[in-house]
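Asker: Sharing a structure here in structure tokens format.
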Amino acid sequence: VYKFMLGRVKADDPVARLAVARWCMFSGLREQALTETREVLRLQPGNQTAADMARSLEDSLKLFPADGSA
């Protein structure tokens with residue numbers, strides 16, 4: 001589903017990519033959400049929403065790794 005959603009947005013559209021990141025985050029796809037927020041930051045380095053989201057996702061993945069190890 002992530003690949004499908006990503007395929008429906010323009011690669012250079014930071015607003016759409018941030019929407020995909022939010023969808024990923026709320027769907028439990030934290031690694032993909034982090035990938036998307038980093039892409040938004042590449043496109044818009046000053047995007048504070050994406051920066052905050054990326055920081056939160058990085059912290060979450062450090063505390064609770066996707067592979068289930070703690």
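As shown in the structure tokens, the chain order sets the letters A, B, ...; within each chain, residues go from 1, and ligands are also counted from 1 in the order they appear.
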Got a sec: who's within 7 Å of A:Leu34, counting only C-alpha atoms, leaving out chain neighbours fewer than 4 positions off, as a list in words?

Answerer: Arg30, Arg38, Ala54 and Leu57 of chain A

Asker: So that I can check the surroundings of A:Leu29, please list as an MDAnalysis selection string every protein, DNA and RNA residue that reaches within 12 Å of it, counting only C-alpha atoms and ignoring chain neighbours fewer than 4 positions away.

Answerer: chainID A and resid 1:3 20:25 33:36 57 60:61 65:66

Asker: Please save C-alpha atoms of the selected residues as a short mmCIF file (atom, residue, chain, number, x, y, z; two decimals), in the first residue's frame.

Answerer:
```
data_model
loop_
_atom_site.label_atom_id
_atom_site.label_comp_id
_atom_site.auth_asym_id
_atom_site.auth_seq_id
_atom_site.Cartn_x
_atom_site.Cartn_y
_atom_site.Cartn_z
CA VAL A 1 0.00 0.00 0.00
CA TYR A 2 2.92 2.34 0.76
CA LYS A 3 4.32 1.90 -2.75
CA VAL A 20 2.33 10.08 2.75
CA ALA A 21 4.69 10.27 5.74
CA ARG A 22 1.77 10.99 8.08
CA TRP A 23 -0.22 8.12 6.61
CA CYS A 24 2.76 5.81 7.07
CA MET A 25 3.26 6.93 10.66
CA ALA A 33 7.48 7.54 7.40
CA LEU A 34 11.03 8.50 8.35
CA THR A 35 12.17 7.99 4.76
CA GLU A 36 9.40 10.30 3.57
CA LEU A 57 10.33 8.93 14.41
CA SER A 60 10.71 6.08 18.43
CA LEU A 61 12.80 3.73 16.30
CA PRO A 65 13.21 -0.86 16.93
CA ALA A 66 11.10 -2.11 14.05
#
```

Asker: Given only C-alpha atoms as the basis, pick out the residue of A:Leu43, A:Ser27, A:Phe4, A:Thr37 nearest to A:Glu58.

Answerer: A:Thr37

Asker: Under the rule that only C-alpha atoms are counted, which of A:Glu31, A:Arg8, A:Ala19, A:Phe26 is the nearest residue to A:Asp59?

Answerer: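 Answer, going by the shortest atom-to-atom distance: A:Glu31.
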
Asker: Could you tell me how far atom CA of A:Ala50 sits from atom CA of A:Met5, in Å to one decimal place?

Answerer: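 So the answer is 18.2 Å.
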
Asker: Quick one: of A:Val40, A:Gln32, A:Leu6, A:Leu63, who's nearest to A:Leu18, counting only C-alpha atoms?

Answerer: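 Closest candidate: A:Val40.
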
Asker: Which of chain A end up as alpha helix (DSSP H) when DSSP is run on this backbone - answer as number ranges by chain?

Answerer: A: 2-7, 14-26, 30-43, 48-63

Asker: With only C-alpha atoms as the atoms that count, which of A:Gly68, A:Gly7, A:Gly28, A:Leu41 lies nearest to A:Arg55?

Answerer: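 Under the stated criterion, the closest residue is A:Leu41.
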